[in-house]
Protein chains: 2
Amino acid sequence: MPLEKNDLHRGTLDMLILKIVAAGPLHGYAIAQRLQQISKDYFQVPQGSLYPALHRLEEREWVEAEWKDTSTGREAKFYTLTRKGRKQLEVEVLGWEKLADAVSLILRTAD
Amino acid sequence: MPLEKNDLHRGTLDMLILKIVAAGPLHGYAIAQRLQQISKDYFQVPQGSLYPALHRLEEREWVEAEWKDTSTGREAKFYTLTRKGRKQLEVEVLGWEKLADAVSLILRTAD
DNA sequence: AGCGTACCTGTAGTCAAGCTAGGTGTCCAA
DNA sequence: TTGGACACCTAGCTTGACTACAGGTACGCT
C-alpha cells in the first residue's frame with residue numbers, strides 16, 4: 001500500500017537520458033545523479049530502470065558506450081550520443097511538447 | 001514498421017478521462033470524441049484503450065456507470081465522477097504539473 | 001429490401017517499460 | 001572493520017496501452 005508511486009511516465013526516461021548525454025559523455029551513475037540534481041530531486045531513477053534504459057538506448061544506437069576512467073580513478077562506462085541519438089532526441093522533445101500542449105488543452109478547456 | 005507511434009504516455013489517459021467526466025456525465029464513446037475534439041485530433045483513443053481504462057476507473061471507484069439513453073435514443077453507459085474520483089483527479093493533475101515542470105527543467109537546463 | 005456507416009460496447013492476447021529486489025566489486029573514511 | 005558512496009548488472013513482476021477481433025443498433029441511401 002504505497003502512499004506514493006513515482007513511476008516515471010513511460011517513454012520520458014529515454015528522452016531525459018538522451019538530453020543529459022547530449023551535453024557531453026557521462027557514465028550511467030552520473031547520468032542519474034545529474035537528472036536528480038537538475039530536477040531538484042524530482043527524478044530519482046532507480047538502477048533497475050536506469051541500466052536497462054541505457055542498454056536499450058545503446059541497442060538502438062542512440063548512444064555509444066566506452067569504458068573509461070572516472071575522475072576518481074575508477075572505471076565506468078561512458079555513454080556518448082550518436083548522430084542517430086541526436087535525431088531521436090529532437091523527435092522525442094517535439095513529441096513531448098505536443099503531448100504537453102494537448103494535455104494542457106484538455107486540462108484548461110474541458111470544463 | 002510504424003512510421004509513427006502514438007502511444008499515450010502511461011497514466012495520462014486516466015487523468016484525461018477523469019477531467020472530461022468532471023465536466024458532466026458522458027458515455028465512453030462520447031468521452032473519446034471529446035478528447036479528440038478538444039485536443040484537435042491529438043488524442044485518438046482506440047477502443048481497446050478506452051474501455052479497459054473506463055473499467056479500471058470504475059473498479060477503483062473513481063467513476064460510476066449507469067445505463068441511460070443517449071440523445072439519439074439509444075442506450076449507453078454514462079460515467080459520473082465520484083468524490084474519490086474528484087480527489088484523484090486533483091492528485092493526478094498536480095502530479096502531471098510537477099512532472100511537466102521537472103521535464104521542462106531538464107530540457108532547458110541540461111546543456 | 002439491402003447496404004453501408006456512424007454509433008456503442010466489449011474482450012483476448014501481446015508488448016514495452018518501469019519497478020523491486022537481489023547480486024558483484026572497489027575505494028575510502030570513521 | 002564496517003559502512004557507505006561509487007559503479008555496474010539481471011531476473012522477474014506489474015501495469016497499461018495497443019492490435020485485432022467480436023457483437024449489436026439506428027439511420028439514410030439507392
# chains A, B, ... in the order shown; residues from 1 in each chain; ligands from 1
$ calpha_fit_and_write --fixed "chain A" --moving "chain B" --output "mmCIF file with N, CA and C atoms, in the first residue's frame"
data_model
loop_
_atom_site.group_PDB
_atom_site.id
_atom_site.type_symbol
_atom_site.label_atom_id
_atom_site.label_comp_id
_atom_site.auth_asym_id
_atom_site.auth_seq_id
_atom_site.Cartn_x
_atom_site.Cartn_y
_atom_site.Cartn_z
ATOM 1 N N MET B 1 1.260 -1.244 0.017
ATOM 2 C CA MET B 1 0.415 -0.040 0.119
ATOM 3 C C MET B 1 1.241 1.239 -0.005
ATOM 4 N N PRO B 2 1.809 1.472 -1.081
ATOM 5 C CA PRO B 2 2.614 2.681 -1.237
ATOM 6 C C PRO B 2 1.733 3.919 -1.195
ATOM 7 N N LEU B 3 2.097 4.842 -0.353
ATOM 8 C CA LEU B 3 1.382 6.113 -0.322
ATOM 9 C C LEU B 3 1.649 6.888 -1.603
ATOM 10 N N GLU B 4 2.856 6.733 -2.074
ATOM 11 C CA GLU B 4 3.245 7.454 -3.277
ATOM 12 C C GLU B 4 3.756 6.489 -4.331
ATOM 13 N N LYS B 5 3.415 6.769 -5.529
ATOM 14 C CA LYS B 5 4.006 6.035 -6.629
ATOM 15 C C LYS B 5 4.678 7.048 -7.526
ATOM 16 N N ASN B 6 5.917 6.815 -7.785
ATOM 17 C CA ASN B 6 6.598 7.764 -8.627
ATOM 18 C C ASN B 6 6.419 7.439 -10.100
ATOM 19 N N ASP B 7 6.839 6.235 -10.441
ATOM 20 C CA ASP B 7 6.639 5.776 -11.800
ATOM 21 C C ASP B 7 6.727 6.842 -12.866
ATOM 22 N N LEU B 8 7.921 7.068 -13.296
ATOM 23 C CA LEU B 8 8.175 7.894 -14.468
ATOM 24 C C LEU B 8 7.182 7.574 -15.564
ATOM 25 N N HIS B 9 6.663 8.537 -16.228
ATOM 26 C CA HIS B 9 5.781 8.211 -17.346
ATOM 27 C C HIS B 9 6.582 7.549 -18.449
ATOM 28 N N ARG B 10 6.016 6.506 -18.976
ATOM 29 C CA ARG B 10 6.652 5.698 -20.003
ATOM 30 C C ARG B 10 7.261 6.495 -21.144
ATOM 31 N N GLY B 11 8.500 6.199 -21.400
ATOM 32 C CA GLY B 11 9.107 6.804 -22.564
ATOM 33 C C GLY B 11 9.845 8.095 -22.240
ATOM 34 N N THR B 12 9.450 8.696 -21.138
ATOM 35 C CA THR B 12 10.088 9.955 -20.749
ATOM 36 C C THR B 12 11.560 9.750 -20.424
ATOM 37 N N LEU B 13 11.841 8.629 -19.782
ATOM 38 C CA LEU B 13 13.201 8.387 -19.315
ATOM 39 C C LEU B 13 14.216 8.422 -20.444
ATOM 40 N N ASP B 14 13.885 7.789 -21.551
ATOM 41 C CA ASP B 14 14.797 7.778 -22.697
ATOM 42 C C ASP B 14 15.159 9.192 -23.115
ATOM 43 N N MET B 15 14.141 10.016 -23.240
ATOM 44 C CA MET B 15 14.358 11.399 -23.661
ATOM 45 C C MET B 15 15.272 12.127 -22.685
ATOM 46 N N LEU B 16 15.016 11.945 -21.424
ATOM 47 C CA LEU B 16 15.801 12.639 -20.398
ATOM 48 C C LEU B 16 17.265 12.218 -20.438
ATOM 49 N N ILE B 17 17.470 10.918 -20.575
ATOM 50 C CA ILE B 17 18.845 10.424 -20.650
ATOM 51 C C ILE B 17 19.541 10.979 -21.879
ATOM 52 N N LEU B 18 18.865 10.922 -23.004
ATOM 53 C CA LEU B 18 19.454 11.455 -24.235
ATOM 54 C C LEU B 18 19.826 12.922 -24.052
ATOM 55 N N LYS B 19 18.935 13.646 -23.420
ATOM 56 C CA LYS B 19 19.183 15.065 -23.219
ATOM 57 C C LYS B 19 20.407 15.317 -22.342
ATOM 58 N N ILE B 20 20.509 14.542 -21.287
ATOM 59 C CA ILE B 20 21.662 14.686 -20.386
ATOM 60 C C ILE B 20 22.956 14.358 -21.119
ATOM 61 N N VAL B 21 22.911 13.251 -21.840
ATOM 62 C CA VAL B 21 24.103 12.800 -22.546
ATOM 63 C C VAL B 21 24.476 13.751 -23.685
ATOM 64 N N ALA B 22 23.482 14.451 -24.178
ATOM 65 C CA ALA B 22 23.728 15.402 -25.276
ATOM 66 C C ALA B 22 24.701 16.490 -24.844
ATOM 67 N N ALA B 23 24.761 16.735 -23.561
ATOM 68 C CA ALA B 23 25.640 17.787 -23.045
ATOM 69 C C ALA B 23 27.082 17.314 -22.893
ATOM 70 N N GLY B 24 27.311 16.035 -23.155
ATOM 71 C CA GLY B 24 28.656 15.486 -23.033
ATOM 72 C C GLY B 24 28.601 14.100 -22.419
ATOM 73 N N PRO B 25 29.579 13.257 -22.773
ATOM 74 C CA PRO B 25 29.628 11.878 -22.312
ATOM 75 C C PRO B 25 29.599 11.776 -20.786
ATOM 76 N N LEU B 26 28.839 10.843 -20.318
ATOM 77 C CA LEU B 26 28.727 10.601 -18.884
ATOM 78 C C LEU B 26 28.506 9.113 -18.666
ATOM 79 N N HIS B 27 28.858 8.642 -17.499
ATOM 80 C CA HIS B 27 28.546 7.251 -17.165
ATOM 81 C C HIS B 27 27.198 7.183 -16.457
ATOM 82 N N GLY B 28 26.640 5.986 -16.458
ATOM 83 C CA GLY B 28 25.277 5.778 -15.991
ATOM 84 C C GLY B 28 24.974 6.390 -14.644
ATOM 85 N N TYR B 29 25.788 6.071 -13.713
ATOM 86 C CA TYR B 29 25.597 6.561 -12.351
ATOM 87 C C TYR B 29 25.525 8.086 -12.321
ATOM 88 N N ALA B 30 26.407 8.703 -13.069
ATOM 89 C CA ALA B 30 26.458 10.167 -13.099
ATOM 90 C C ALA B 30 25.225 10.746 -13.797
ATOM 91 N N ILE B 31 24.732 10.027 -14.779
ATOM 92 C CA ILE B 31 23.522 10.473 -15.480
ATOM 93 C C ILE B 31 22.356 10.564 -14.508
ATOM 94 N N ALA B 32 22.219 9.501 -13.708
ATOM 95 C CA ALA B 32 21.136 9.477 -12.712
ATOM 96 C C ALA B 32 21.309 10.627 -11.720
ATOM 97 N N GLN B 33 22.534 10.855 -11.329
ATOM 98 C CA GLN B 33 22.795 11.943 -10.386
ATOM 99 C C GLN B 33 22.422 13.302 -10.957
ATOM 100 N N ARG B 34 22.805 13.514 -12.211
ATOM 101 C CA ARG B 34 22.515 14.796 -12.845
ATOM 102 C C ARG B 34 21.015 15.014 -12.976
ATOM 103 N N LEU B 35 20.317 13.944 -13.358
ATOM 104 C CA LEU B 35 18.862 14.034 -13.483
ATOM 105 C C LEU B 35 18.242 14.455 -12.163
ATOM 106 N N GLN B 36 18.702 13.816 -11.121
ATOM 107 C CA GLN B 36 18.176 14.123 -9.802
ATOM 108 C C GLN B 36 18.504 15.553 -9.400
ATOM 109 N N GLN B 37 19.727 15.934 -9.648
ATOM 110 C CA GLN B 37 20.198 17.255 -9.256
ATOM 111 C C GLN B 37 19.454 18.368 -10.009
ATOM 112 N N ILE B 38 19.417 18.255 -11.319
ATOM 113 C CA ILE B 38 18.770 19.290 -12.122
ATOM 114 C C ILE B 38 17.279 19.385 -11.816
ATOM 115 N N SER B 39 16.668 18.221 -11.587
ATOM 116 C CA SER B 39 15.215 18.216 -11.355
ATOM 117 C C SER B 39 14.888 18.462 -9.888
ATOM 118 N N LYS B 40 15.869 18.853 -9.124
ATOM 119 C CA LYS B 40 15.672 19.123 -7.698
ATOM 120 C C LYS B 40 15.022 17.946 -6.993
ATOM 121 N N ASP B 41 15.601 16.792 -7.215
ATOM 122 C CA ASP B 41 15.176 15.554 -6.564
ATOM 123 C C ASP B 41 13.872 14.973 -7.089
ATOM 124 N N TYR B 42 13.288 15.561 -8.101
ATOM 125 C CA TYR B 42 12.068 14.954 -8.623
ATOM 126 C C TYR B 42 12.375 13.587 -9.233
ATOM 127 N N PHE B 43 13.357 13.545 -10.102
ATOM 128 C CA PHE B 43 13.720 12.276 -10.728
ATOM 129 C C PHE B 43 14.756 11.554 -9.888
ATOM 130 N N GLN B 44 14.360 10.444 -9.331
ATOM 131 C CA GLN B 44 15.305 9.596 -8.619
ATOM 132 C C GLN B 44 15.274 8.242 -9.294
ATOM 133 N N VAL B 45 16.014 8.140 -10.354
ATOM 134 C CA VAL B 45 15.951 6.961 -11.213
ATOM 135 C C VAL B 45 16.565 5.750 -10.536
ATOM 136 N N PRO B 46 15.765 4.742 -10.258
ATOM 137 C CA PRO B 46 16.316 3.520 -9.672
ATOM 138 C C PRO B 46 17.206 2.807 -10.670
ATOM 139 N N GLN B 47 18.187 2.095 -10.146
ATOM 140 C CA GLN B 47 19.157 1.434 -11.019
ATOM 141 C C GLN B 47 18.494 0.402 -11.919
ATOM 142 N N GLY B 48 17.419 -0.173 -11.438
ATOM 143 C CA GLY B 48 16.696 -1.148 -12.245
ATOM 144 C C GLY B 48 15.930 -0.516 -13.392
ATOM 145 N N SER B 49 15.859 0.798 -13.394
ATOM 146 C CA SER B 49 15.299 1.499 -14.547
ATOM 147 C C SER B 49 16.426 2.046 -15.408
ATOM 148 N N LEU B 50 17.435 2.552 -14.720
ATOM 149 C CA LEU B 50 18.543 3.229 -15.396
ATOM 150 C C LEU B 50 19.288 2.326 -16.366
ATOM 151 N N TYR B 51 19.794 1.214 -15.858
ATOM 152 C CA TYR B 51 20.671 0.392 -16.691
ATOM 153 C C TYR B 51 19.936 -0.281 -17.843
ATOM 154 N N PRO B 52 18.779 -0.846 -17.607
ATOM 155 C CA PRO B 52 18.029 -1.360 -18.759
ATOM 156 C C PRO B 52 17.782 -0.283 -19.805
ATOM 157 N N ALA B 53 17.502 0.926 -19.352
ATOM 158 C CA ALA B 53 17.268 2.025 -20.292
ATOM 159 C C ALA B 53 18.527 2.301 -21.113
ATOM 160 N N LEU B 54 19.659 2.361 -20.445
ATOM 161 C CA LEU B 54 20.921 2.618 -21.150
ATOM 162 C C LEU B 54 21.221 1.539 -22.179
ATOM 163 N N HIS B 55 20.973 0.294 -21.794
ATOM 164 C CA HIS B 55 21.228 -0.804 -22.731
ATOM 165 C C HIS B 55 20.293 -0.727 -23.929
ATOM 166 N N ARG B 56 19.058 -0.329 -23.630
ATOM 167 C CA ARG B 56 18.077 -0.150 -24.690
ATOM 168 C C ARG B 56 18.554 0.922 -25.676
ATOM 169 N N LEU B 57 18.980 2.033 -25.142
ATOM 170 C CA LEU B 57 19.433 3.145 -25.980
ATOM 171 C C LEU B 57 20.653 2.744 -26.815
ATOM 172 N N GLU B 58 21.514 1.959 -26.202
ATOM 173 C CA GLU B 58 22.705 1.515 -26.906
ATOM 174 C C GLU B 58 22.326 0.575 -28.047
ATOM 175 N N GLU B 59 21.410 -0.338 -27.746
ATOM 176 C CA GLU B 59 20.961 -1.300 -28.736
ATOM 177 C C GLU B 59 20.334 -0.593 -29.931
ATOM 178 N N ARG B 60 19.657 0.483 -29.655
ATOM 179 C CA ARG B 60 19.029 1.240 -30.739
ATOM 180 C C ARG B 60 19.996 2.216 -31.384
ATOM 181 N N GLU B 61 21.182 2.179 -30.921
ATOM 182 C CA GLU B 61 22.256 3.018 -31.473
ATOM 183 C C GLU B 61 21.998 4.507 -31.315
ATOM 184 N N TRP B 62 21.387 4.836 -30.217
ATOM 185 C CA TRP B 62 21.197 6.254 -29.916
ATOM 186 C C TRP B 62 22.327 6.765 -29.032
ATOM 187 N N VAL B 63 22.988 5.823 -28.381
ATOM 188 C CA VAL B 63 24.194 6.166 -27.629
ATOM 189 C C VAL B 63 25.254 5.098 -27.893
ATOM 190 N N GLU B 64 26.507 5.452 -27.624
ATOM 191 C CA GLU B 64 27.609 4.500 -27.699
ATOM 192 C C GLU B 64 28.311 4.455 -26.352
ATOM 193 N N ALA B 65 28.740 3.258 -25.983
ATOM 194 C CA ALA B 65 29.360 3.099 -24.670
ATOM 195 C C ALA B 65 30.851 2.831 -24.797
ATOM 196 N N GLU B 66 31.589 3.306 -23.832
ATOM 197 C CA GLU B 66 33.028 3.066 -23.793
ATOM 198 C C GLU B 66 33.509 3.108 -22.349
ATOM 199 N N TRP B 67 34.338 2.136 -21.999
ATOM 200 C CA TRP B 67 34.896 2.105 -20.641
ATOM 201 C C TRP B 67 36.023 3.120 -20.523
ATOM 202 N N LYS B 68 35.932 3.918 -19.510
ATOM 203 C CA LYS B 68 36.985 4.917 -19.271
ATOM 204 C C LYS B 68 37.140 5.151 -17.783
ATOM 205 N N ASP B 69 38.177 5.864 -17.454
ATOM 206 C CA ASP B 69 38.376 6.195 -16.042
ATOM 207 C C ASP B 69 37.523 7.393 -15.639
ATOM 208 N N THR B 70 36.994 7.302 -14.456
ATOM 209 C CA THR B 70 36.268 8.454 -13.917
ATOM 210 C C THR B 70 37.284 9.398 -13.272
ATOM 211 N N SER B 71 36.781 10.502 -12.800
ATOM 212 C CA SER B 71 37.668 11.481 -12.150
ATOM 213 C C SER B 71 38.277 10.898 -10.880
ATOM 214 N N THR B 72 37.611 9.915 -10.314
ATOM 215 C CA THR B 72 38.130 9.305 -9.091
ATOM 216 C C THR B 72 39.039 8.129 -9.391
ATOM 217 N N GLY B 73 39.347 7.929 -10.675
ATOM 218 C CA GLY B 73 40.334 6.918 -11.009
ATOM 219 C C GLY B 73 39.791 5.531 -11.276
ATOM 220 N N ARG B 74 38.483 5.346 -11.112
ATOM 221 C CA ARG B 74 37.931 4.021 -11.374
ATOM 222 C C ARG B 74 37.309 3.922 -12.754
ATOM 223 N N GLU B 75 37.016 2.716 -13.167
ATOM 224 C CA GLU B 75 36.444 2.508 -14.488
ATOM 225 C C GLU B 75 34.926 2.645 -14.464
ATOM 226 N N ALA B 76 34.418 3.214 -15.529
ATOM 227 C CA ALA B 76 32.968 3.313 -15.674
ATOM 228 C C ALA B 76 32.641 3.388 -17.159
ATOM 229 N N LYS B 77 31.414 3.065 -17.480
ATOM 230 C CA LYS B 77 31.001 3.029 -18.879
ATOM 231 C C LYS B 77 30.455 4.395 -19.266
ATOM 232 N N PHE B 78 31.140 5.042 -20.136
ATOM 233 C CA PHE B 78 30.708 6.376 -20.560
ATOM 234 C C PHE B 78 29.860 6.290 -21.813
ATOM 235 N N TYR B 79 28.778 7.000 -21.799
ATOM 236 C CA TYR B 79 27.852 6.976 -22.931
ATOM 237 C C TYR B 79 27.925 8.274 -23.707
ATOM 238 N N THR B 80 28.005 8.134 -25.019
ATOM 239 C CA THR B 80 28.067 9.289 -25.904
ATOM 240 C C THR B 80 26.878 9.265 -26.852
ATOM 241 N N LEU B 81 26.298 10.396 -27.111
ATOM 242 C CA LEU B 81 25.181 10.480 -28.043
ATOM 243 C C LEU B 81 25.676 10.263 -29.470
ATOM 244 N N THR B 82 24.969 9.454 -30.228
ATOM 245 C CA THR B 82 25.307 9.271 -31.643
ATOM 246 C C THR B 82 24.515 10.264 -32.487
ATOM 247 N N ARG B 83 24.776 10.278 -33.772
ATOM 248 C CA ARG B 83 24.017 11.158 -34.659
ATOM 249 C C ARG B 83 22.539 10.762 -34.647
ATOM 250 N N LYS B 84 22.345 9.443 -34.728
ATOM 251 C CA LYS B 84 20.981 8.894 -34.634
ATOM 252 C C LYS B 84 20.300 9.326 -33.345
ATOM 253 N N GLY B 85 21.074 9.319 -32.295
ATOM 254 C CA GLY B 85 20.542 9.673 -30.983
ATOM 255 C C GLY B 85 20.109 11.127 -30.931
ATOM 256 N N ARG B 86 20.909 11.962 -31.575
ATOM 257 C CA ARG B 86 20.583 13.392 -31.587
ATOM 258 C C ARG B 86 19.267 13.626 -32.334
ATOM 259 N N LYS B 87 19.138 12.936 -33.440
ATOM 260 C CA LYS B 87 17.901 12.969 -34.224
ATOM 261 C C LYS B 87 16.713 12.534 -33.366
ATOM 262 N N GLN B 88 16.918 11.413 -32.697
ATOM 263 C CA GLN B 88 15.871 10.843 -31.865
ATOM 264 C C GLN B 88 15.475 11.785 -30.739
ATOM 265 N N LEU B 89 16.452 12.430 -30.174
ATOM 266 C CA LEU B 89 16.184 13.391 -29.106
ATOM 267 C C LEU B 89 15.267 14.495 -29.606
ATOM 268 N N GLU B 90 15.575 15.004 -30.783
ATOM 269 C CA GLU B 90 14.728 16.040 -31.391
ATOM 270 C C GLU B 90 13.294 15.558 -31.525
ATOM 271 N N VAL B 91 13.165 14.363 -32.065
ATOM 272 C CA VAL B 91 11.841 13.772 -32.253
ATOM 273 C C VAL B 91 11.098 13.679 -30.934
ATOM 274 N N GLU B 92 11.810 13.218 -29.928
ATOM 275 C CA GLU B 92 11.160 12.981 -28.643
ATOM 276 C C GLU B 92 10.777 14.286 -27.949
ATOM 277 N N VAL B 93 11.633 15.261 -28.073
ATOM 278 C CA VAL B 93 11.329 16.556 -27.459
ATOM 279 C C VAL B 93 10.099 17.154 -28.132
ATOM 280 N N LEU B 94 10.074 17.066 -29.443
ATOM 281 C CA LEU B 94 8.919 17.573 -30.173
ATOM 282 C C LEU B 94 7.655 16.842 -29.761
ATOM 283 N N GLY B 95 7.766 15.540 -29.674
ATOM 284 C CA GLY B 95 6.633 14.720 -29.249
ATOM 285 C C GLY B 95 6.168 15.110 -27.860
ATOM 286 N N TRP B 96 7.112 15.298 -26.979
ATOM 287 C CA TRP B 96 6.784 15.678 -25.612
ATOM 288 C C TRP B 96 6.043 17.020 -25.595
ATOM 289 N N GLU B 97 6.544 17.951 -26.350
ATOM 290 C CA GLU B 97 5.933 19.280 -26.361
ATOM 291 C C GLU B 97 4.506 19.230 -26.898
ATOM 292 N N LYS B 98 4.321 18.431 -27.918
ATOM 293 C CA LYS B 98 2.976 18.280 -28.470
ATOM 294 C C LYS B 98 2.044 17.643 -27.460
ATOM 295 N N LEU B 99 2.549 16.615 -26.793
ATOM 296 C CA LEU B 99 1.748 15.961 -25.767
ATOM 297 C C LEU B 99 1.389 16.940 -24.664
ATOM 298 N N ALA B 100 2.396 17.671 -24.205
ATOM 299 C CA ALA B 100 2.177 18.608 -23.106
ATOM 300 C C ALA B 100 1.148 19.670 -23.506
ATOM 301 N N ASP B 101 1.240 20.114 -24.731
ATOM 302 C CA ASP B 101 0.270 21.093 -25.227
ATOM 303 C C ASP B 101 -1.133 20.507 -25.233
ATOM 304 N N ALA B 102 -1.237 19.293 -25.735
ATOM 305 C CA ALA B 102 -2.546 18.644 -25.835
ATOM 306 C C ALA B 102 -3.147 18.427 -24.453
ATOM 307 N N VAL B 103 -2.336 17.951 -23.536
ATOM 308 C CA VAL B 103 -2.809 17.736 -22.170
ATOM 309 C C VAL B 103 -3.267 19.069 -21.576
ATOM 310 N N SER B 104 -2.451 20.056 -21.780
ATOM 311 C CA SER B 104 -2.760 21.381 -21.261
ATOM 312 C C SER B 104 -4.096 21.891 -21.802
ATOM 313 N N LEU B 105 -4.308 21.639 -23.070
ATOM 314 C CA LEU B 105 -5.586 22.005 -23.700
ATOM 315 C C LEU B 105 -6.750 21.348 -22.983
ATOM 316 N N ILE B 106 -6.627 20.059 -22.759
ATOM 317 C CA ILE B 106 -7.699 19.319 -22.079
ATOM 318 C C ILE B 106 -7.923 19.884 -20.684
ATOM 319 N N LEU B 107 -6.841 20.060 -19.962
ATOM 320 C CA LEU B 107 -6.969 20.499 -18.576
ATOM 321 C C LEU B 107 -7.571 21.907 -18.485
ATOM 322 N N ARG B 108 -7.302 22.730 -19.480
ATOM 323 C CA ARG B 108 -7.815 24.089 -19.438
ATOM 324 C C ARG B 108 -9.212 24.203 -20.029
ATOM 325 N N THR B 109 -9.453 23.424 -21.059
ATOM 326 C CA THR B 109 -10.666 23.605 -21.851
ATOM 327 C C THR B 109 -11.841 22.772 -21.389
ATOM 328 N N ALA B 110 -11.536 21.644 -20.746
ATOM 329 C CA ALA B 110 -12.558 20.617 -20.613
ATOM 330 C C ALA B 110 -13.745 20.966 -19.725
ATOM 331 N N ASP B 111 -13.715 22.083 -19.092
ATOM 332 C CA ASP B 111 -14.945 22.437 -18.384
ATOM 333 C C ASP B 111 -15.418 23.815 -18.823
#
$ select_by_dssp --residues "range 22-99 of chain B" --states "alpha helix (DSSP H)" --output "count of residues only"
42
$ interface_residues --of "chain C" --to "chain A" --cutoff "10 Å" --atoms "only C-alpha atoms (C1' of nucleotides)" --output "list of chain:residue names"
C:DA16, C:DA17, C:DG18, C:DC19, C:DT20, C:DA21, C:DT26, C:DC27
$ select_by_dssp --residues "chain A" --states "strand (DSSP E)" --output "JSON, numbers by chain"
{"A": [26, 27, 63, 64, 65, 66, 67, 68, 69, 75, 76, 77, 78, 79, 80, 81]}
$ atom_distance --atom1 "C1' of DA12 in chain C" --atom2 "C1' of DG12 in chain D"
23.1 Å
$ atom_distance --atom1 "C1' of DT11 in chain C" --atom2 "C1' of DG24 in chain D"
15.0 Å
$ closest_residue --among "D:DT10, D:DT25, D:DT30, D:DT19" --to "chain A" --atoms "only C-alpha atoms (C1' of nucleotides)"
D:DT10
